[in-house]
$ cat final-v1.txt   # compact mmCIF, C-alpha atoms
# COMPACT_ATOMS: atom_id res chain seq x y z
CA MET A 447 96.93 108.14 159.43
CA ALA A 448 100.22 109.99 159.37
CA LEU A 449 101.27 112.05 162.29
CA ALA A 450 100.92 115.75 161.61
CA TYR A 451 103.86 116.50 163.75
CA GLU A 452 106.60 114.52 165.35
CA GLU A 453 109.31 115.23 167.85
CA HIS A 454 111.72 112.49 168.69
CA TYR A 455 112.88 112.38 172.31
CA THR A 456 115.82 110.54 173.81
CA ILE A 457 116.65 109.23 177.24
CA LYS A 458 118.33 112.59 177.98
CA ASP A 459 114.96 114.34 177.55
CA TYR A 460 113.11 111.58 179.36
CA GLU A 461 115.30 111.93 182.42
CA LYS A 462 114.21 115.56 182.81
CA TRP A 463 110.47 114.89 182.68
CA GLU A 464 108.49 115.14 185.86
CA GLY A 465 105.80 112.59 186.57
CA ASP A 466 105.52 109.06 185.25
CA TRP A 467 106.26 108.29 181.63
CA GLU A 468 107.53 105.60 179.36
CA LEU A 469 109.54 106.48 176.27
CA ILE A 470 108.78 104.30 173.27
CA TYR A 471 110.59 104.86 169.98
CA GLY A 472 111.13 108.48 170.98
CA MET A 473 107.55 109.25 171.99
CA PRO A 474 106.21 109.90 175.50
CA TYR A 475 103.55 107.56 176.88
CA ALA A 476 101.84 108.51 180.14
CA MET A 477 101.71 105.90 182.89
CA ALA A 478 98.20 105.18 184.16
CA PRO A 479 97.52 108.21 186.39
CA PHE A 480 96.83 106.24 189.50
CA ALA A 481 97.04 102.51 189.93
CA LEU A 482 93.84 100.77 190.96
CA PRO A 483 94.07 98.96 194.33
CA LYS A 484 93.36 95.61 192.68
CA HIS A 485 96.19 96.22 190.22
CA GLN A 486 98.55 96.96 193.11
CA VAL A 487 97.51 93.93 195.16
CA ILE A 488 98.04 91.61 192.21
CA SER A 489 101.41 93.18 191.37
CA SER A 490 102.55 92.73 194.98
CA ARG A 491 101.40 89.12 195.01
CA ILE A 492 103.30 88.42 191.80
CA VAL A 493 106.41 89.84 193.45
CA ALA A 494 105.78 87.80 196.61
CA GLU A 495 105.36 84.59 194.63
CA LEU A 496 108.53 85.33 192.66
CA ILE A 497 110.56 86.08 195.78
CA THR A 498 109.44 82.78 197.30
CA LYS A 499 110.30 80.80 194.19
CA LEU A 500 113.59 82.63 193.55
CA LYS A 501 114.94 81.85 197.01
CA GLU A 502 117.50 79.39 195.66
CA CYS A 503 118.27 81.51 192.63
CA LYS A 504 120.73 83.98 194.06
CA ARG A 505 121.52 85.93 190.91
CA CYS A 506 117.94 86.83 190.05
CA HIS A 507 115.67 89.37 191.69
CA ALA A 508 111.99 90.29 191.42
CA ILE A 509 111.66 94.03 190.78
CA MET A 510 108.52 96.14 190.76
CA GLU A 511 108.04 99.26 188.63
CA SER A 512 111.65 99.90 187.72
CA GLU A 513 112.86 101.39 184.51
CA ILE A 514 114.53 99.24 181.96
CA VAL A 515 116.56 101.06 179.34
CA ILE A 516 116.06 99.35 175.98
CA SER A 517 117.81 101.87 173.75
CA ASP A 518 118.54 105.57 173.43
CA ASP A 519 114.91 106.30 172.61
CA THR A 520 113.05 103.57 174.49
CA VAL A 521 112.67 103.22 178.26
CA LEU A 522 109.98 100.95 179.70
CA ARG A 523 108.60 100.48 183.19
CA PRO A 524 107.26 96.94 183.49
CA ASP A 525 105.00 96.30 186.46
CA VAL A 526 107.13 93.36 187.58
CA MET A 527 110.25 91.77 186.16
CA VAL A 528 112.82 89.16 187.03
CA TYR A 529 116.28 90.63 186.61
CA CYS A 530 119.36 88.43 186.66
CA SER A 531 122.24 90.84 186.21
CA LYS A 532 123.92 93.16 188.65
CA ILE A 533 121.45 95.66 190.12
CA LYS A 534 122.55 99.18 189.21
CA ASP A 535 120.79 102.55 189.18
CA LYS A 536 120.07 102.05 185.53
CA LEU A 537 118.93 98.59 184.44
CA THR A 538 119.95 97.88 180.88
CA LYS A 539 120.02 94.08 180.52
CA THR A 540 117.06 92.18 179.17
CA PRO A 541 114.97 90.67 181.96
CA PRO A 542 114.11 86.97 181.41
CA VAL A 543 110.56 87.38 182.76
CA VAL A 544 108.23 90.38 182.52
CA PHE A 545 104.73 90.79 183.94
CA GLU A 546 102.40 93.56 182.85
CA VAL A 547 99.22 93.92 184.88
CA THR A 548 96.79 95.65 182.52
CA SER A 549 94.88 98.85 183.23
CA PRO A 550 92.07 99.94 180.92
CA SER A 551 93.94 103.05 179.74
CA THR A 552 97.15 101.26 178.82
CA ILE A 553 95.94 97.83 177.73
CA LYS A 554 96.82 98.28 174.06
CA ARG A 555 100.30 99.38 175.00
CA ASP A 556 100.86 96.12 176.91
CA GLU A 557 99.26 93.93 174.28
CA ILE A 558 100.81 95.43 171.19
CA ILE A 559 103.72 97.78 171.42
CA LYS A 560 105.45 96.56 174.58
CA LYS A 561 104.89 92.96 173.55
CA GLU A 562 106.69 93.67 170.28
CA ILE A 563 109.59 95.29 172.08
CA TYR A 564 109.95 92.53 174.67
CA GLU A 565 109.78 89.93 171.92
CA LYS A 566 112.48 91.64 169.89
CA GLU A 567 114.68 92.18 172.93
CA GLY A 568 114.58 88.50 173.80
CA VAL A 569 112.54 88.58 177.00
CA LYS A 570 112.02 84.85 177.55
CA TYR A 571 108.61 84.92 179.21
CA TYR A 572 106.05 87.70 178.91
CA VAL A 573 102.93 87.55 181.04
CA ILE A 574 99.95 89.84 180.44
CA VAL A 575 97.69 89.85 183.47
CA TYR A 576 93.99 90.77 183.33
CA PRO A 577 92.91 91.46 186.93
CA ASP A 578 89.17 91.55 186.28
CA LEU A 579 89.13 88.38 184.21
CA LYS A 580 91.52 86.58 186.57
CA LYS A 581 93.40 85.62 183.52
CA ALA A 582 97.05 85.62 182.61
CA LYS A 583 98.39 85.04 179.13
CA VAL A 584 101.86 83.55 179.22
CA TYR A 585 104.07 83.88 176.17
CA GLU A 586 107.37 82.10 175.68
CA ASN A 587 109.99 83.46 173.33
CA LYS A 588 110.99 80.79 170.84
CA GLU A 589 113.60 81.93 168.33
CA GLY A 590 112.51 85.56 168.57
CA LYS A 591 108.75 84.86 168.50
CA PHE A 592 106.34 84.91 171.40
CA ILE A 593 104.31 81.71 171.46
CA LYS A 594 101.42 81.49 173.88
CA ILE A 595 102.02 78.62 176.28
CA ALA A 596 99.37 79.17 178.92
CA ASP A 597 96.10 80.87 179.63
CA GLU A 598 94.90 81.04 183.23
CA ASP A 599 96.84 77.90 184.11
CA LYS A 600 97.46 77.31 187.77
CA LYS A 601 101.14 76.54 187.53
CA VAL A 602 103.61 77.48 184.84
CA LYS A 603 107.29 76.58 184.63
CA PHE A 604 109.72 79.33 183.78
CA LYS A 605 113.15 78.16 182.72
CA PHE A 606 115.82 80.82 182.51
CA GLU A 607 119.03 80.91 184.58
CA CYS A 608 116.97 79.12 187.18
CA GLU A 609 113.88 77.04 186.89
CA ILE A 610 110.83 78.09 188.85
CA GLU A 611 107.25 76.96 188.98
CA PHE A 612 105.04 80.02 189.23
CA ASP A 613 101.64 79.46 190.82
CA PHE A 614 99.05 81.79 189.33
CA GLY A 615 96.56 80.54 191.89
CA LYS A 616 98.32 82.75 194.42
CA ILE A 617 97.92 86.11 192.73
CA TRP A 618 94.18 86.63 192.23
CA ILE A 619 91.81 88.51 194.48
CA MET B 200 112.76 104.68 163.38
CA SER B 201 109.36 106.09 164.01
CA VAL B 202 106.12 104.36 164.69
CA LEU B 203 102.61 105.67 164.89
CA PRO B 204 101.53 105.97 168.48
CA ILE B 205 98.80 103.71 169.71
CA GLU B 206 97.63 106.02 172.45
CA TYR B 207 96.05 109.39 172.06
CA TYR B 208 95.45 111.60 175.04
CA THR B 209 92.83 114.20 175.85
CA TYR B 210 92.62 117.34 177.94
CA GLU B 211 91.44 115.19 180.87
CA ASP B 212 94.72 113.24 180.77
CA TYR B 213 96.78 116.34 180.12
CA LYS B 214 95.46 118.03 183.27
CA LYS B 215 96.85 115.20 185.41
CA TRP B 216 100.39 115.28 184.07
CA GLU B 217 103.17 116.68 186.19
CA GLY B 218 105.74 118.87 184.53
CA ASP B 219 105.34 120.97 181.40
CA TRP B 220 103.68 119.62 178.31
CA GLU B 221 101.71 120.62 175.28
CA LEU B 222 99.18 118.36 173.61
CA ILE B 223 98.83 118.43 169.83
CA ASP B 224 96.30 116.13 168.17
CA GLY B 225 96.40 113.86 171.23
CA ILE B 226 100.18 113.51 171.37
CA PRO B 227 102.23 114.91 174.27
CA TYR B 228 105.12 117.25 173.49
CA ALA B 229 107.64 118.21 176.16
CA MET B 230 108.17 121.91 176.82
CA ALA B 231 111.76 123.04 176.44
CA PRO B 232 113.41 122.15 179.75
CA ALA B 233 113.88 125.03 182.20
CA PRO B 234 113.83 128.13 179.99
CA VAL B 235 117.12 129.99 180.12
CA LYS B 236 117.36 133.38 181.76
CA LYS B 237 117.53 135.22 178.45
CA HIS B 238 114.28 133.62 177.36
CA GLN B 239 112.64 134.64 180.63
CA LEU B 240 113.92 138.19 180.52
CA LEU B 241 112.71 138.71 176.94
CA ALA B 242 109.29 137.38 177.95
CA SER B 243 109.15 139.76 180.93
CA ASN B 244 110.14 142.71 178.75
CA ILE B 245 107.41 141.89 176.26
CA ILE B 246 104.83 141.58 179.04
CA PHE B 247 105.97 144.94 180.44
CA GLU B 248 105.72 146.66 177.05
CA LEU B 249 102.24 145.28 176.46
CA LYS B 250 100.93 146.20 179.89
CA LYS B 251 102.38 149.68 179.72
CA SER B 252 100.49 150.54 176.57
CA LEU B 253 97.28 148.53 177.09
CA GLU B 254 94.23 150.80 177.22
CA CYS B 255 91.33 148.33 177.49
CA GLU B 256 90.11 146.82 180.72
CA ASN B 257 88.62 143.76 179.07
CA CYS B 258 92.04 142.59 177.88
CA GLU B 259 94.78 140.78 179.78
CA VAL B 260 98.45 140.09 179.27
CA LEU B 261 99.45 136.61 180.40
CA GLY B 262 102.62 134.55 180.39
CA GLU B 263 102.69 130.76 179.91
CA VAL B 264 98.97 130.18 180.06
CA ASP B 265 97.28 127.09 178.63
CA TYR B 266 95.23 127.69 175.51
CA LYS B 267 92.78 124.85 175.00
CA ILE B 268 91.89 124.58 171.35
CA ASN B 269 89.93 121.35 171.57
CA GLU B 270 89.96 118.13 173.61
CA GLU B 271 93.08 116.88 171.82
CA THR B 272 95.07 120.08 171.51
CA VAL B 273 96.33 122.32 174.31
CA LEU B 274 99.14 124.80 173.67
CA ARG B 275 101.08 126.97 176.06
CA PRO B 276 102.23 130.19 174.37
CA ASP B 277 104.99 132.21 176.05
CA VAL B 278 103.05 135.51 176.12
CA VAL B 279 99.50 136.37 175.06
CA LEU B 280 97.24 139.38 174.90
CA THR B 281 93.66 138.18 175.17
CA CYS B 282 90.41 140.11 175.30
CA ASP B 283 87.05 139.00 176.68
CA ASP B 284 88.23 135.47 177.42
CA GLU B 285 85.98 133.95 180.05
CA GLY B 286 88.03 130.81 180.62
CA VAL B 287 88.93 130.19 184.25
CA GLU B 288 91.67 127.55 184.12
CA HIS B 289 92.81 128.20 180.58
CA LEU B 290 92.10 130.32 177.53
CA ILE B 291 89.01 129.18 175.69
CA LYS B 292 89.19 131.44 172.65
CA ALA B 293 91.93 132.55 170.30
CA PRO B 294 93.98 135.32 171.87
CA GLU B 295 94.49 138.55 169.92
CA ILE B 296 98.28 138.41 170.10
CA ILE B 297 100.70 135.55 170.76
CA PHE B 298 104.45 135.77 171.29
CA GLU B 299 106.56 132.64 171.06
CA ILE B 300 110.19 132.88 172.09
CA ILE B 301 112.09 130.34 170.07
CA SER B 302 114.23 127.68 171.78
CA PRO B 303 116.44 125.50 169.59
CA SER B 304 114.75 122.29 170.77
CA THR B 305 111.23 123.48 169.93
CA ALA B 306 111.86 125.81 166.98
CA ARG B 307 110.15 123.57 164.44
CA ARG B 308 107.13 123.19 166.68
CA ASP B 309 106.71 126.97 166.95
CA GLU B 310 107.60 127.87 163.37
CA ILE B 311 105.56 125.24 161.61
CA TYR B 312 102.96 123.42 163.66
CA LYS B 313 101.87 125.92 166.28
CA PHE B 314 102.10 128.58 163.57
CA LYS B 315 99.52 126.70 161.49
CA ILE B 316 97.24 126.07 164.45
CA TYR B 317 97.29 129.72 165.51
CA GLU B 318 96.69 130.78 161.92
CA LYS B 319 93.70 128.49 161.56
CA GLU B 320 92.25 129.48 164.92
CA GLY B 321 92.28 133.13 163.94
CA VAL B 322 94.93 134.55 166.27
CA ASP B 323 95.34 138.13 164.97
CA PHE B 324 99.08 138.52 165.49
CA LEU B 325 101.83 135.95 165.97
CA ILE B 326 105.31 137.14 166.88
CA LEU B 327 108.22 134.71 166.75
CA VAL B 328 111.08 136.04 168.85
CA TYR B 329 114.63 134.82 168.15
CA PRO B 330 116.82 135.34 171.23
CA ASP B 331 120.11 134.58 169.45
CA ASP B 332 119.55 137.02 166.61
CA LEU B 333 117.60 139.57 168.67
CA VAL B 334 114.89 139.81 166.07
CA ALA B 335 111.11 139.45 166.18
CA LYS B 336 109.14 138.31 163.15
CA ILE B 337 105.63 139.70 163.17
CA TYR B 338 102.82 137.96 161.31
CA LYS B 339 99.33 139.39 160.90
CA ASN B 340 96.33 137.21 160.20
CA ILE B 341 94.59 138.40 157.06
CA ASP B 342 91.65 136.28 155.89
CA GLY B 343 92.92 133.20 157.71
CA GLU B 344 96.53 133.53 156.61
CA PHE B 345 99.54 134.86 158.46
CA LYS B 346 101.22 137.57 156.39
CA LYS B 347 104.61 138.80 157.45
CA LYS B 348 104.62 142.42 158.60
CA GLY B 349 108.34 142.61 159.09
CA ASP B 350 111.44 141.77 161.11
CA PHE B 351 111.85 143.99 164.13
CA SER B 352 115.09 144.46 166.04
CA ARG B 353 114.30 147.94 167.18
CA GLY B 354 111.53 150.44 166.67
CA VAL B 355 107.96 150.48 167.91
CA PHE B 356 105.23 148.31 166.46
CA ASP B 357 101.64 149.41 166.99
CA PHE B 358 99.26 146.45 166.89
CA GLY B 359 96.17 148.63 166.55
CA ILE B 360 94.44 146.69 169.34
CA CYS B 361 93.56 148.69 172.46
CA GLY B 362 96.57 150.94 172.02
CA VAL B 363 99.00 148.08 172.44
CA LYS B 364 102.53 148.81 171.26
CA VAL B 365 105.85 147.08 171.69
CA ASP B 366 109.19 148.87 171.53
CA PHE B 367 111.52 146.13 170.35
CA GLY B 368 114.54 148.35 170.98
CA LYS B 369 113.65 148.12 174.67
CA VAL B 370 112.81 144.41 174.57
CA PHE B 371 116.27 143.54 173.24
CA GLU B 372 118.13 146.45 174.88
CA LYS B 373 120.06 144.51 177.49
CA TYR B 374 121.48 142.00 175.02
CA ARG B 375 122.45 144.40 172.30
CA LYS B 376 126.09 145.39 172.28
$ encode --input "final-v1.txt" --output "structure tokens"
Amino acid sequence: MALAYEEHYTIKDYEKWEGDWELIYGMPYAMAPFALPKHQVISSRIVAELITKLKECKRCHAIMESEIVISDDTVLRPDVMVYCSKIKDKLTKTPPVVFEVTSPSTIKRDEIIKKEIYEKEGVKYYVIVYPDLKKAKVYENKEGKFIKIADEDKKVKFKFECEIEFDFGKIWI
Amino acid sequence: MSVLPIEYYTYEDYKKWEGDWELIDGIPYAMAPAPVKKHQLLASNIIFELKKSLECENCEVLGEVDYKINEETVLRPDVVLTCDDEGVEHLIKAPEIIFEIISPSTARRDEIYKFKIYEKEGVDFLILVYPDDLVAKIYKNIDGEFKKKGDFSRGVFDFGICGVKVDFGKVFEKYRK
């Protein structure tokens, strides 16, 4: 199906929008209208686990719901990311690790379109979290391709600027 | 580069969004950011002209009201004259007259896509107002097709609906040298 009508927005438009949006290839995508409590608890626990494991890794930070500017027409808001460059108002460097905790209304976005973008941008590890299934799919970027390396495993090693062992056992409720 | 979206939204989603949006076939479109003063003044003048001449009590003149066409399409015309519409939160039937004041960033949307939707829905009159050129293009719906009635910079146009007339000389007065 072809789109009947298309307007292409840029980050300049995006910055004027009220409310919560992502901008993907020039199109607006609404953030889930309100985050479910379970979604929030799991996101916070992912951050907590990352902070614990990143203690020795001074350059990298765990960040929740921040914007990452991919290009002039694409701005994403991952649920959680590890960011290893200088923290500025606008984050523009590729994060080595991204977690998306799925919500029913945005699941396809996480599984398809954002996955493609993260893969292309060279995100090293992409984790899609399914709160109800207590399942996390972990993808590792190998030469520009996401290869699945784990599925609900207890502990997974992430090797980027630092090496951490992330314990998925700690995030479920 | 353009990619087909993988998410389509409905009126239920639309209602929850902050800020100003239209929804066309499930896709969100941003309203032109903060209409400029000229745009606002032209809209007020049009509303004033319509109200001044309106003779029917079952009709209303409204600015920036949502017009819900179906679950996937909600438009927000600049000015409408609507009769016997029983919608509470938004218009539920095609208004008799719609004015769209053209902004550069949304010109194509008004001239092509909203034009076609209004035409198909049976809006009787569509007026596209061009603030830079101080001209209004009036289209009348005849058998499901918008036919141009003319370009108005001055002079009075009588819509033949409840006595409603617009004096375009007065609408554009302030900006004409």
$ residues_around --input "final-v1.txt" --residues "Gly262 of chain B" --least-positions-apart "4" --cutoff "12 Å" --atoms "all atoms listed in the file" --output "list in words"
Gln239, Leu240, Leu241, Ala242, Ser243, Asn244, Ile245, Ile246, Phe247, Leu249, Lys250, Tyr266, Arg275, Pro276, Asp277, Val278, Val279, Leu280, Thr281, His289, Leu290, Ile296, Ile297, Phe298, Glu299 and Ile300 of chain B
$ interface_residues --input "final-v1.txt" --of "chain A" --to "chain B" --cutoff "8 Å" --atoms "all atoms listed in the file" --output "ChimeraX atom specification"
/A:448-449,451,453,462-465,471-476,479,552,554-555,559
$ closest_residue --input "final-v1.txt" --among "B:Lys347, B:Lys214, B:Lys339, B:Lys364" --to "Thr272 of chain B" --atoms "all atoms listed in the file"
B:Lys214
$ residues_near_point --input "final-v1.txt" --point "(97.0, 119.3, 174.3)" --cutoff "6 Å" --atoms "all atoms listed in the file" --output "mmCIF file with C-alpha atoms, in the coordinates of the input"
data_model
loop_
_atom_site.group_PDB
_atom_site.id
_atom_site.type_symbol
_atom_site.label_atom_id
_atom_site.label_comp_id
_atom_site.auth_asym_id
_atom_site.auth_seq_id
_atom_site.Cartn_x
_atom_site.Cartn_y
_atom_site.Cartn_z
ATOM 1 C CA GLU B 221 101.710 120.620 175.280
ATOM 2 C CA LEU B 222 99.180 118.360 173.610
ATOM 3 C CA ILE B 223 98.830 118.430 169.830
ATOM 4 C CA GLU B 271 93.080 116.880 171.820
ATOM 5 C CA THR B 272 95.070 120.080 171.510
ATOM 6 C CA VAL B 273 96.330 122.320 174.310
ATOM 7 C CA LEU B 274 99.140 124.800 173.670
#
$ residues_around --input "final-v1.txt" --residues "Val602 of chain A" --least-positions-apart "4" --cutoff "8 Å" --atoms "all atoms listed in the file" --output "MDAnalysis selection string"
chainID A and resid 596 611:614
$ residues_around --input "final-v1.txt" --residues "segment 549-551 of chain A" --least-positions-apart "5" --cutoff "8 Å" --atoms "all atoms listed in the file" --output "list in words"
Ala478, Ala481 and His485 of chain A
$ residues_around --input "final-v1.txt" --residues "Ile492 of chain A" --least-positions-apart "5" --cutoff "12 Å" --atoms "only C-alpha atoms" --output "count of residues only"
32
$ atom_distance --input "final-v1.txt" --atom1 "atom CA of Gly568 of chain A" --atom2 "atom CA of Gly590 of chain A"
6.3 Å
$ atom_distance --input "final-v1.txt" --atom1 "atom CA of Phe592 of chain A" --atom2 "atom CA of Glu557 of chain A"
11.8 Å
$ closest_residue --input "final-v1.txt" --among "B:Glu288, B:Glu295, B:Glu248, B:Lys336" --to "Val365 of chain B" --atoms "only C-alpha atoms"
B:Glu248
$ atom_distance --input "final-v1.txt" --atom1 "atom CA of Gly368 of chain B" --atom2 "atom CA of Gly354 of chain B"
5.7 Å
$ residues_near_point --input "final-v1.txt" --point "(90.7, 128.0, 175.6)" --cutoff "8 Å" --atoms "all atoms listed in the file" --output "short mmCIF file (atom, residue, chain, number, x, y, z; two decimals) with C-alpha atoms, keeping the file's coordinate frame"
data_model
loop_
_atom_site.label_atom_id
_atom_site.label_comp_id
_atom_site.auth_asym_id
_atom_site.auth_seq_id
_atom_site.Cartn_x
_atom_site.Cartn_y
_atom_site.Cartn_z
CA ASP B 265 97.28 127.09 178.63
CA TYR B 266 95.23 127.69 175.51
CA LYS B 267 92.78 124.85 175.00
CA ILE B 268 91.89 124.58 171.35
CA ASN B 269 89.93 121.35 171.57
CA GLY B 286 88.03 130.81 180.62
CA HIS B 289 92.81 128.20 180.58
CA LEU B 290 92.10 130.32 177.53
CA ILE B 291 89.01 129.18 175.69
CA LYS B 292 89.19 131.44 172.65
CA ALA B 293 91.93 132.55 170.30
#
$ build_atoms --input "final-v1.txt" --residues "segment 345-374 of chain B" --atoms "N, CA and C atoms" --output "PDB file, in the frame of the given file"
ATOM      1  N   PHE B 345      98.542 133.980 157.859  1.00  0.00           N
ATOM      2  CA  PHE B 345      99.540 134.860 158.460  1.00  0.00           C
ATOM      3  C   PHE B 345     100.406 135.482 157.383  1.00  0.00           C
ATOM      4  N   LYS B 346     100.352 136.835 157.327  1.00  0.00           N
ATOM      5  CA  LYS B 346     101.220 137.570 156.390  1.00  0.00           C
ATOM      6  C   LYS B 346     102.291 138.264 157.207  1.00  0.00           C
ATOM      7  N   LYS B 347     103.501 138.189 156.723  1.00  0.00           N
ATOM      8  CA  LYS B 347     104.610 138.800 157.450  1.00  0.00           C
ATOM      9  C   LYS B 347     104.527 140.313 157.378  1.00  0.00           C
ATOM     10  N   LYS B 348     104.632 140.953 158.559  1.00  0.00           N
ATOM     11  CA  LYS B 348     104.620 142.420 158.600  1.00  0.00           C
ATOM     12  C   LYS B 348     106.034 142.973 158.673  1.00  0.00           C
ATOM     13  N   GLY B 349     106.973 142.124 159.049  1.00  0.00           N
ATOM     14  CA  GLY B 349     108.340 142.610 159.090  1.00  0.00           C
ATOM     15  C   GLY B 349     109.180 141.959 160.161  1.00  0.00           C
ATOM     16  N   ASP B 350     110.484 142.250 160.105  1.00  0.00           N
ATOM     17  CA  ASP B 350     111.440 141.770 161.110  1.00  0.00           C
ATOM     18  C   ASP B 350     111.829 142.967 161.962  1.00  0.00           C
ATOM     19  N   PHE B 351     111.600 142.848 163.257  1.00  0.00           N
ATOM     20  CA  PHE B 351     111.850 143.990 164.130  1.00  0.00           C
ATOM     21  C   PHE B 351     112.970 143.707 165.117  1.00  0.00           C
ATOM     22  N   SER B 352     114.005 144.545 165.061  1.00  0.00           N
ATOM     23  CA  SER B 352     115.090 144.460 166.040  1.00  0.00           C
ATOM     24  C   SER B 352     115.031 145.662 166.951  1.00  0.00           C
ATOM     25  N   ARG B 353     114.536 146.740 166.395  1.00  0.00           N
ATOM     26  CA  ARG B 353     114.300 147.940 167.180  1.00  0.00           C
ATOM     27  C   ARG B 353     113.069 148.609 166.614  1.00  0.00           C
ATOM     28  N   GLY B 354     112.703 149.741 167.169  1.00  0.00           N
ATOM     29  CA  GLY B 354     111.530 150.440 166.670  1.00  0.00           C
ATOM     30  C   GLY B 354     110.264 149.949 167.329  1.00  0.00           C
ATOM     31  N   VAL B 355     109.225 150.759 167.229  1.00  0.00           N
ATOM     32  CA  VAL B 355     107.960 150.480 167.910  1.00  0.00           C
ATOM     33  C   VAL B 355     106.970 149.909 166.908  1.00  0.00           C
ATOM     34  N   PHE B 356     106.305 148.838 167.302  1.00  0.00           N
ATOM     35  CA  PHE B 356     105.230 148.310 166.460  1.00  0.00           C
ATOM     36  C   PHE B 356     103.904 148.531 167.166  1.00  0.00           C
ATOM     37  N   ASP B 357     102.977 149.140 166.448  1.00  0.00           N
ATOM     38  CA  ASP B 357     101.640 149.410 166.990  1.00  0.00           C
ATOM     39  C   ASP B 357     100.688 148.348 166.436  1.00  0.00           C
ATOM     40  N   PHE B 358     100.110 147.551 167.340  1.00  0.00           N
ATOM     41  CA  PHE B 358      99.260 146.450 166.890  1.00  0.00           C
ATOM     42  C   PHE B 358      97.854 146.908 166.498  1.00  0.00           C
ATOM     43  N   GLY B 359      97.503 148.141 166.886  1.00  0.00           N
ATOM     44  CA  GLY B 359      96.170 148.630 166.550  1.00  0.00           C
ATOM     45  C   GLY B 359      95.070 147.936 167.345  1.00  0.00           C
ATOM     46  N   ILE B 360      95.421 147.335 168.467  1.00  0.00           N
ATOM     47  CA  ILE B 360      94.440 146.690 169.340  1.00  0.00           C
ATOM     48  C   ILE B 360      94.562 147.335 170.714  1.00  0.00           C
ATOM     49  N   CYS B 361      93.557 148.085 171.116  1.00  0.00           N
ATOM     50  CA  CYS B 361      93.560 148.690 172.460  1.00  0.00           C
ATOM     51  C   CYS B 361      94.827 149.467 172.785  1.00  0.00           C
ATOM     52  N   GLY B 362      95.400 150.094 171.789  1.00  0.00           N
ATOM     53  CA  GLY B 362      96.570 150.940 172.020  1.00  0.00           C
ATOM     54  C   GLY B 362      97.875 150.185 172.218  1.00  0.00           C
ATOM     55  N   VAL B 363      97.827 148.879 172.099  1.00  0.00           N
ATOM     56  CA  VAL B 363      99.000 148.080 172.440  1.00  0.00           C
ATOM     57  C   VAL B 363     100.170 148.282 171.462  1.00  0.00           C
ATOM     58  N   LYS B 364     101.313 148.595 172.053  1.00  0.00           N
ATOM     59  CA  LYS B 364     102.530 148.810 171.260  1.00  0.00           C
ATOM     60  C   LYS B 364     103.688 148.065 171.929  1.00  0.00           C
ATOM     61  N   VAL B 365     104.640 147.660 171.105  1.00  0.00           N
ATOM     62  CA  VAL B 365     105.850 147.080 171.690  1.00  0.00           C
ATOM     63  C   VAL B 365     107.066 147.783 171.088  1.00  0.00           C
ATOM     64  N   ASP B 366     107.932 148.258 171.970  1.00  0.00           N
ATOM     65  CA  ASP B 366     109.190 148.870 171.530  1.00  0.00           C
ATOM     66  C   ASP B 366     110.260 147.788 171.552  1.00  0.00           C
ATOM     67  N   PHE B 367     110.576 147.255 170.398  1.00  0.00           N
ATOM     68  CA  PHE B 367     111.520 146.130 170.350  1.00  0.00           C
ATOM     69  C   PHE B 367     112.936 146.553 170.717  1.00  0.00           C
ATOM     70  N   GLY B 368     113.242 147.845 170.514  1.00  0.00           N
ATOM     71  CA  GLY B 368     114.540 148.350 170.980  1.00  0.00           C
ATOM     72  C   GLY B 368     114.685 148.091 172.465  1.00  0.00           C
ATOM     73  N   LYS B 369     113.596 148.317 173.214  1.00  0.00           N
ATOM     74  CA  LYS B 369     113.650 148.120 174.670  1.00  0.00           C
ATOM     75  C   LYS B 369     113.624 146.639 175.032  1.00  0.00           C
ATOM     76  N   VAL B 370     112.875 145.850 174.279  1.00  0.00           N
ATOM     77  CA  VAL B 370     112.810 144.410 174.570  1.00  0.00           C
ATOM     78  C   VAL B 370     114.206 143.786 174.493  1.00  0.00           C
ATOM     79  N   PHE B 371     114.962 144.177 173.473  1.00  0.00           N
ATOM     80  CA  PHE B 371     116.270 143.540 173.240  1.00  0.00           C
ATOM     81  C   PHE B 371     117.432 144.322 173.857  1.00  0.00           C
ATOM     82  N   GLU B 372     117.123 145.486 174.446  1.00  0.00           N
ATOM     83  CA  GLU B 372     118.130 146.450 174.880  1.00  0.00           C
ATOM     84  C   GLU B 372     119.335 145.809 175.602  1.00  0.00           C
ATOM     85  N   LYS B 373     119.014 145.036 176.627  1.00  0.00           N
ATOM     86  CA  LYS B 373     120.060 144.510 177.490  1.00  0.00           C
ATOM     87  C   LYS B 373     121.090 143.643 176.751  1.00  0.00           C
ATOM     88  N   TYR B 374     120.616 142.971 175.702  1.00  0.00           N
ATOM     89  CA  TYR B 374     121.480 142.000 175.020  1.00  0.00           C
ATOM     90  C   TYR B 374     122.162 142.579 173.792  1.00  0.00           C
TER      91      TYR B 374
END
